[in-house]
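Chemist: Okay, handing you the structure first.
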Amino acid sequence: MASLLHPSQTSNPYNLKPGEVSSGTTIMAVPFKGGVVLGADSRVSTGTYVANRASDKIAQLTENIFCCRSGSAADTQALTDYVKFYLQQWEVESGRPATVKVAAHLMRKICYQNKDNLSAGVIVAGWDPVSKGQVYNIPLGGTCIEMKCAIGGSGSTYIYGLTDALYKENMGKQETLDFVKKSISHAMARDGSSGGIIRTCVVTEDGVEREYIPGNKLPYGP
Amino acid sequence: MASSGSGYDLSPTTFSPDGRIFQVEYASKSVASSGTLIGLKCSDGIVLACEKLLANKMLVPGSNKRINTVSKTSGCAFTGFVSDGRQIVNRAREEASSYLDTYGIPVPPSVLADRLAHYVHYFTLHGALRPFGASMVLGCYEEDMDEASLYMVEPSGQVFKYFGCAAGKGRQGAKTEIEKLDLSTLTVAQGIKEAARIISMLRDDGKDKPMELEISTVAAENNYVHKPCEKSVIAEAEKWAKEQIEEEEDMEEDED
């Protein structure tokens with residue numbers, strides 16, 4: 001049964017099982033006119049050891065829908081694989097590209113039904129012909145909220161104030177990209193579990209653009 | 001008429017030498033001798049209309065519905081064996097509800113039609129089961145594509161998407177009449193009247209059993225929610241239908 005001690009009171013604050021690897025992370029996604037921008041750091045840690053300093057936390061679900069992963073790497077990879085599988089079947093049965101709403105709903109359903117056994121915070125974002133750019137934040141318990149600016153992972157706690165202050169409605173693509181890069185840099189500067197490089201992914205009607213910013217070229221210091 | 005099965009028609013799992021499955025054909029025949037059913041895809045929604053033959057004067061009007069709501073934005077009407085039809089409706093409701101639960105959006109019409117076709121077809125393949133003796137017409141709206149669609153599922157498991165379709169006794173005459181309509185400009189309000197007219201004109205009130213007309217719509221003015229028509233609307237449509245038919249008869253007499 002569940003331990004009587006809160007995880008923060010133990011030496012295992014992230015409730016990791018023995019040998020389990022966490023993406024103590026900063027992830028972010030923001031819709032703009034014409035699409036969405038996703039961003040993530042690249043540090044994967046087991047305790048204080050950095051298991052991977054250049055991982056890719058932005059997973060592709062369909063041609064036009066992606067998700068940012070935070071929490072247990074194993075859990076989020078399994079979730080991503082399941083949702084990718086179901087979305088592929090959905091596209092075949094429906095004869096059209098999957099919508100972000102359906103992807104988010106599937107992700108949420110699995111997260112909620114298995115909440116006792118999962119440690120996963122996910123942001124589903126993408127562009128579809130029906131609703132254009134959309135972002136859904138699916139934190140630990142399995143709630144699913146559409147948001148104008150979604151942040152997640154351990155590093156996100158340090159940038160709530162910053163994103164609130166900097167966010168503006170109706171930003172263009174470059175402005176949104178700069179906003180995401182700046183916010184994640186700030187989180188990486190303060191959160192020990194976030195670091196490495198910033199990976200970004202821009203999804204629009206015309207396709208997908210992925211790029212990364214090396215650790216020594218971040219907008220805000222280490 | 002059709003040739004007799006002569007031994008190849010005892011089970012749905014037997015082909016005849018000329019490649020037919022008689023049991024499935026016989027199932028379609030039972031549909032072909034029941035009340036007429038019409039579906040119309042109008043410019044702003046779907047109209048479903050059903051000629052409900054009343055077996056008995058003691059039946060309470062409005063009971064034994066032939067047109068049922070499957071989900072908020074889809075409805076279906078069937079003709080043939082009523083108990084078989086109800087089984088398909090139940091399945092349609094389950095499919096629609098489980099789809100909404102799994103994917104978070106109402107089931108797309110093409111998917112629902114496809115799943116029902118699979119279900120109906122299953123019963124034509126297994127030795128211990130018999131085919132459904134009912135055809136079903138599905139009117140369904142898909143918000144993502146902003147499109148209302150009309151599908152018909154037959155006892156063989158075939159399903160097609162239609163602009164206008166008919167099943168039951170008067171289907172040949174109904175199909176001819178439907179083809180005369182301009183469905184791309186016909187509104188739902190007009191469609192209700194036309195459906196009433198077509199069903200009324202194909203009946204022979206002297207010979208046929210008394211009927212109750214059941215009509216429902218999936219229309220833009222109701223936000224595409226599947227709604228049975230009010231009794232007053234149906235009565236008005238029937239009145240209009242009678243006038244149209246009398247007018248035509250008068251015109252035919254004048255031509256002589």
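Residues are referred to by chain and number: the chain letter is A, B, ... according to the order shown in the structure tokens, the number counts from 1 in that chain, and ligands are numbered separately from 1 in the order shown.
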Among region 82-217 of chain A, which residues carry a DSSP assignment of helix (DSSP H, G or I), reported as JSON, numbers by chain?

Modeler: {"A": [82, 83, 84, 85, 86, 87, 88, 89, 90, 91, 92, 93, 94, 100, 101, 102, 103, 104, 105, 106, 107, 108, 109, 110, 111, 112, 113, 154, 155, 156, 157, 158, 159, 160, 161, 162, 163, 164, 165, 166, 173, 174, 175, 176, 177, 178, 179, 180, 181, 182, 183, 184, 185, 186, 187, 188, 189, 190, 215, 216, 217]}

Chemist: Kindly save the residues from that selection, with C-alpha atoms included, as an mmCIF file, in the first residue's frame.

Modeler:
data_model
loop_
_atom_site.group_PDB
_atom_site.id
_atom_site.type_symbol
_atom_site.label_atom_id
_atom_site.label_comp_id
_atom_site.auth_asym_id
_atom_site.auth_seq_id
_atom_site.Cartn_x
_atom_site.Cartn_y
_atom_site.Cartn_z
ATOM 1 C CA TYR A 82 0.570 3.187 -26.819
ATOM 2 C CA VAL A 83 -0.901 6.496 -27.944
ATOM 3 C CA LYS A 84 1.079 6.393 -31.188
ATOM 4 C CA PHE A 85 -0.326 2.917 -31.846
ATOM 5 C CA TYR A 86 -3.929 3.855 -31.138
ATOM 6 C CA LEU A 87 -3.679 7.056 -33.159
ATOM 7 C CA GLN A 88 -2.394 5.159 -36.148
ATOM 8 C CA GLN A 89 -5.393 2.843 -35.979
ATOM 9 C CA TRP A 90 -7.694 5.823 -35.562
ATOM 10 C CA GLU A 91 -6.285 7.494 -38.679
ATOM 11 C CA VAL A 92 -6.807 4.338 -40.715
ATOM 12 C CA GLU A 93 -10.388 3.866 -39.491
ATOM 13 C CA SER A 94 -11.369 7.508 -39.848
ATOM 14 C CA VAL A 100 -4.822 16.905 -31.149
ATOM 15 C CA LYS A 101 -7.997 16.568 -29.093
ATOM 16 C CA VAL A 102 -8.211 12.834 -29.745
ATOM 17 C CA ALA A 103 -4.510 12.348 -29.007
ATOM 18 C CA ALA A 104 -4.801 14.235 -25.736
ATOM 19 C CA HIS A 105 -7.895 12.289 -24.762
ATOM 20 C CA LEU A 106 -6.219 8.947 -25.378
ATOM 21 C CA MET A 107 -3.158 10.012 -23.393
ATOM 22 C CA ARG A 108 -5.298 11.263 -20.545
ATOM 23 C CA LYS A 109 -7.392 8.107 -20.454
ATOM 24 C CA ILE A 110 -4.378 5.851 -20.036
ATOM 25 C CA CYS A 111 -2.777 8.198 -17.482
ATOM 26 C CA TYR A 112 -5.934 8.396 -15.410
ATOM 27 C CA GLN A 113 -6.786 4.703 -15.468
ATOM 28 C CA SER A 154 10.468 19.707 -12.188
ATOM 29 C CA GLY A 155 12.026 22.837 -13.722
ATOM 30 C CA SER A 156 8.677 24.400 -14.504
ATOM 31 C CA THR A 157 8.162 25.424 -10.886
ATOM 32 C CA TYR A 158 10.889 28.062 -11.276
ATOM 33 C CA ILE A 159 9.364 29.722 -14.301
ATOM 34 C CA TYR A 160 5.667 30.074 -13.468
ATOM 35 C CA GLY A 161 6.207 33.732 -12.655
ATOM 36 C CA LEU A 162 8.345 34.330 -15.719
ATOM 37 C CA THR A 163 5.918 32.759 -18.166
ATOM 38 C CA ASP A 164 2.991 34.616 -16.611
ATOM 39 C CA ALA A 165 4.872 37.885 -17.055
ATOM 40 C CA LEU A 166 6.203 37.283 -20.560
ATOM 41 C CA LYS A 173 6.104 32.126 -34.714
ATOM 42 C CA GLN A 174 9.494 33.711 -33.977
ATOM 43 C CA GLU A 175 8.215 35.568 -30.943
ATOM 44 C CA THR A 176 6.762 32.358 -29.506
ATOM 45 C CA LEU A 177 9.990 30.457 -30.214
ATOM 46 C CA ASP A 178 12.016 33.116 -28.412
ATOM 47 C CA PHE A 179 9.597 33.042 -25.481
ATOM 48 C CA VAL A 180 9.920 29.247 -25.162
ATOM 49 C CA LYS A 181 13.720 29.289 -25.438
ATOM 50 C CA LYS A 182 14.057 32.047 -22.860
ATOM 51 C CA SER A 183 11.734 30.387 -20.354
ATOM 52 C CA ILE A 184 13.412 26.999 -20.582
ATOM 53 C CA SER A 185 16.849 28.598 -20.240
ATOM 54 C CA HIS A 186 15.776 30.210 -16.979
ATOM 55 C CA ALA A 187 14.412 26.930 -15.670
ATOM 56 C CA MET A 188 17.593 25.091 -16.627
ATOM 57 C CA ALA A 189 19.621 27.711 -14.760
ATOM 58 C CA ARG A 190 17.823 27.051 -11.467
ATOM 59 C CA GLY A 215 24.252 24.450 -23.918
ATOM 60 C CA ASN A 216 26.772 27.250 -24.454
ATOM 61 C CA LYS A 217 24.444 29.308 -26.665
#

Chemist: Per residue of chain B within 7 Å of chain A, record the nearest atom pair and its distance in Å to one decimal, counting only C-alpha atoms, with rows in chain order and ascending residue number, as a tab-separated table.

Modeler:
residue	atom	partner	partner_atom	distance
B:Thr102	CA	A:Leu106	CA	6.8
B:Tyr103	CA	A:Val102	CA	5.4
B:Gly104	CA	A:His105	CA	5.8
B:Val111	CA	A:Ser94	CA	6.3
B:Asp144	CA	A:Val130	CA	5.8

Chemist: Using only C-alpha atoms, which protein or nucleic acid residues come within 8 Å of region 180-188 of chain B? Drop anything in the same chain fewer than 6 positions from it, and give the result as a PyMOL selection string.

Modeler: chain B and resi 40-47+163+217+219

Chemist: Please save N, CA, C and O atoms of the selected residues as a CSV table (one decimal), in the first residue's frame.

Modeler:
chain,number,residue,atom,x,y,z
B,40,LEU,N,-33.2,11.1,-46.5
B,40,LEU,CA,-32.8,12.2,-47.4
B,40,LEU,C,-31.7,13.0,-46.8
B,40,LEU,O,-31.8,13.4,-45.6
B,41,LYS,N,-30.7,13.2,-47.6
B,41,LYS,CA,-29.6,14.2,-47.2
B,41,LYS,C,-29.9,15.5,-47.8
B,41,LYS,O,-29.7,15.7,-49.0
B,42,CYS,N,-30.5,16.4,-47.0
B,42,CYS,CA,-30.9,17.7,-47.5
B,42,CYS,C,-29.7,18.7,-47.3
B,42,CYS,O,-28.6,18.3,-46.8
B,43,SER,N,-29.9,19.9,-47.8
B,43,SER,CA,-28.8,20.9,-47.7
B,43,SER,C,-28.4,21.2,-46.3
B,43,SER,O,-27.2,21.5,-46.1
B,44,ASP,N,-29.3,21.2,-45.4
B,44,ASP,CA,-29.0,21.5,-44.0
B,44,ASP,C,-29.3,20.4,-43.0
B,44,ASP,O,-29.6,20.7,-41.8
B,45,GLY,N,-29.2,19.2,-43.4
B,45,GLY,CA,-29.4,18.1,-42.5
B,45,GLY,C,-30.0,16.9,-43.1
B,45,GLY,O,-30.1,16.8,-44.3
B,46,ILE,N,-30.3,15.9,-42.2
B,46,ILE,CA,-30.8,14.6,-42.7
B,46,ILE,C,-32.3,14.5,-42.3
B,46,ILE,O,-32.7,14.9,-41.2
B,47,VAL,N,-33.1,13.9,-43.1
B,47,VAL,CA,-34.5,13.6,-42.8
B,47,VAL,C,-34.6,12.1,-42.8
B,47,VAL,O,-34.3,11.4,-43.8
B,163,PHE,N,-27.2,10.0,-51.0
B,163,PHE,CA,-27.8,11.3,-51.0
B,163,PHE,C,-29.3,11.1,-50.6
B,163,PHE,O,-29.9,11.9,-49.9
B,217,THR,N,-35.3,14.2,-37.6
B,217,THR,CA,-34.2,15.0,-38.4
B,217,THR,C,-33.0,15.2,-37.6
B,217,THR,O,-32.9,15.1,-36.4
B,219,ALA,N,-30.8,18.2,-38.0
B,219,ALA,CA,-30.8,19.4,-38.7
B,219,ALA,C,-30.0,20.5,-38.1
B,219,ALA,O,-29.8,20.6,-36.9

Chemist: Give me every strand (DSSP E) residue in region 179-228 of chain B, going by DSSP on the backbone, as a count of residues only.

Modeler: 12

Chemist: Could you pull the residues within 8 Å of region 66-69 of chain B, counting only C-alpha atoms, minus those fewer than 6 positions along the same chain, as a list in words?

Modeler: Leu48, Cys50, Lys52, Gly75, Cys76, Ala77, Phe78, Thr79, Val82, Val89, Glu214, Ile215, Ser216, His226, Lys227 and Pro228 of chain B
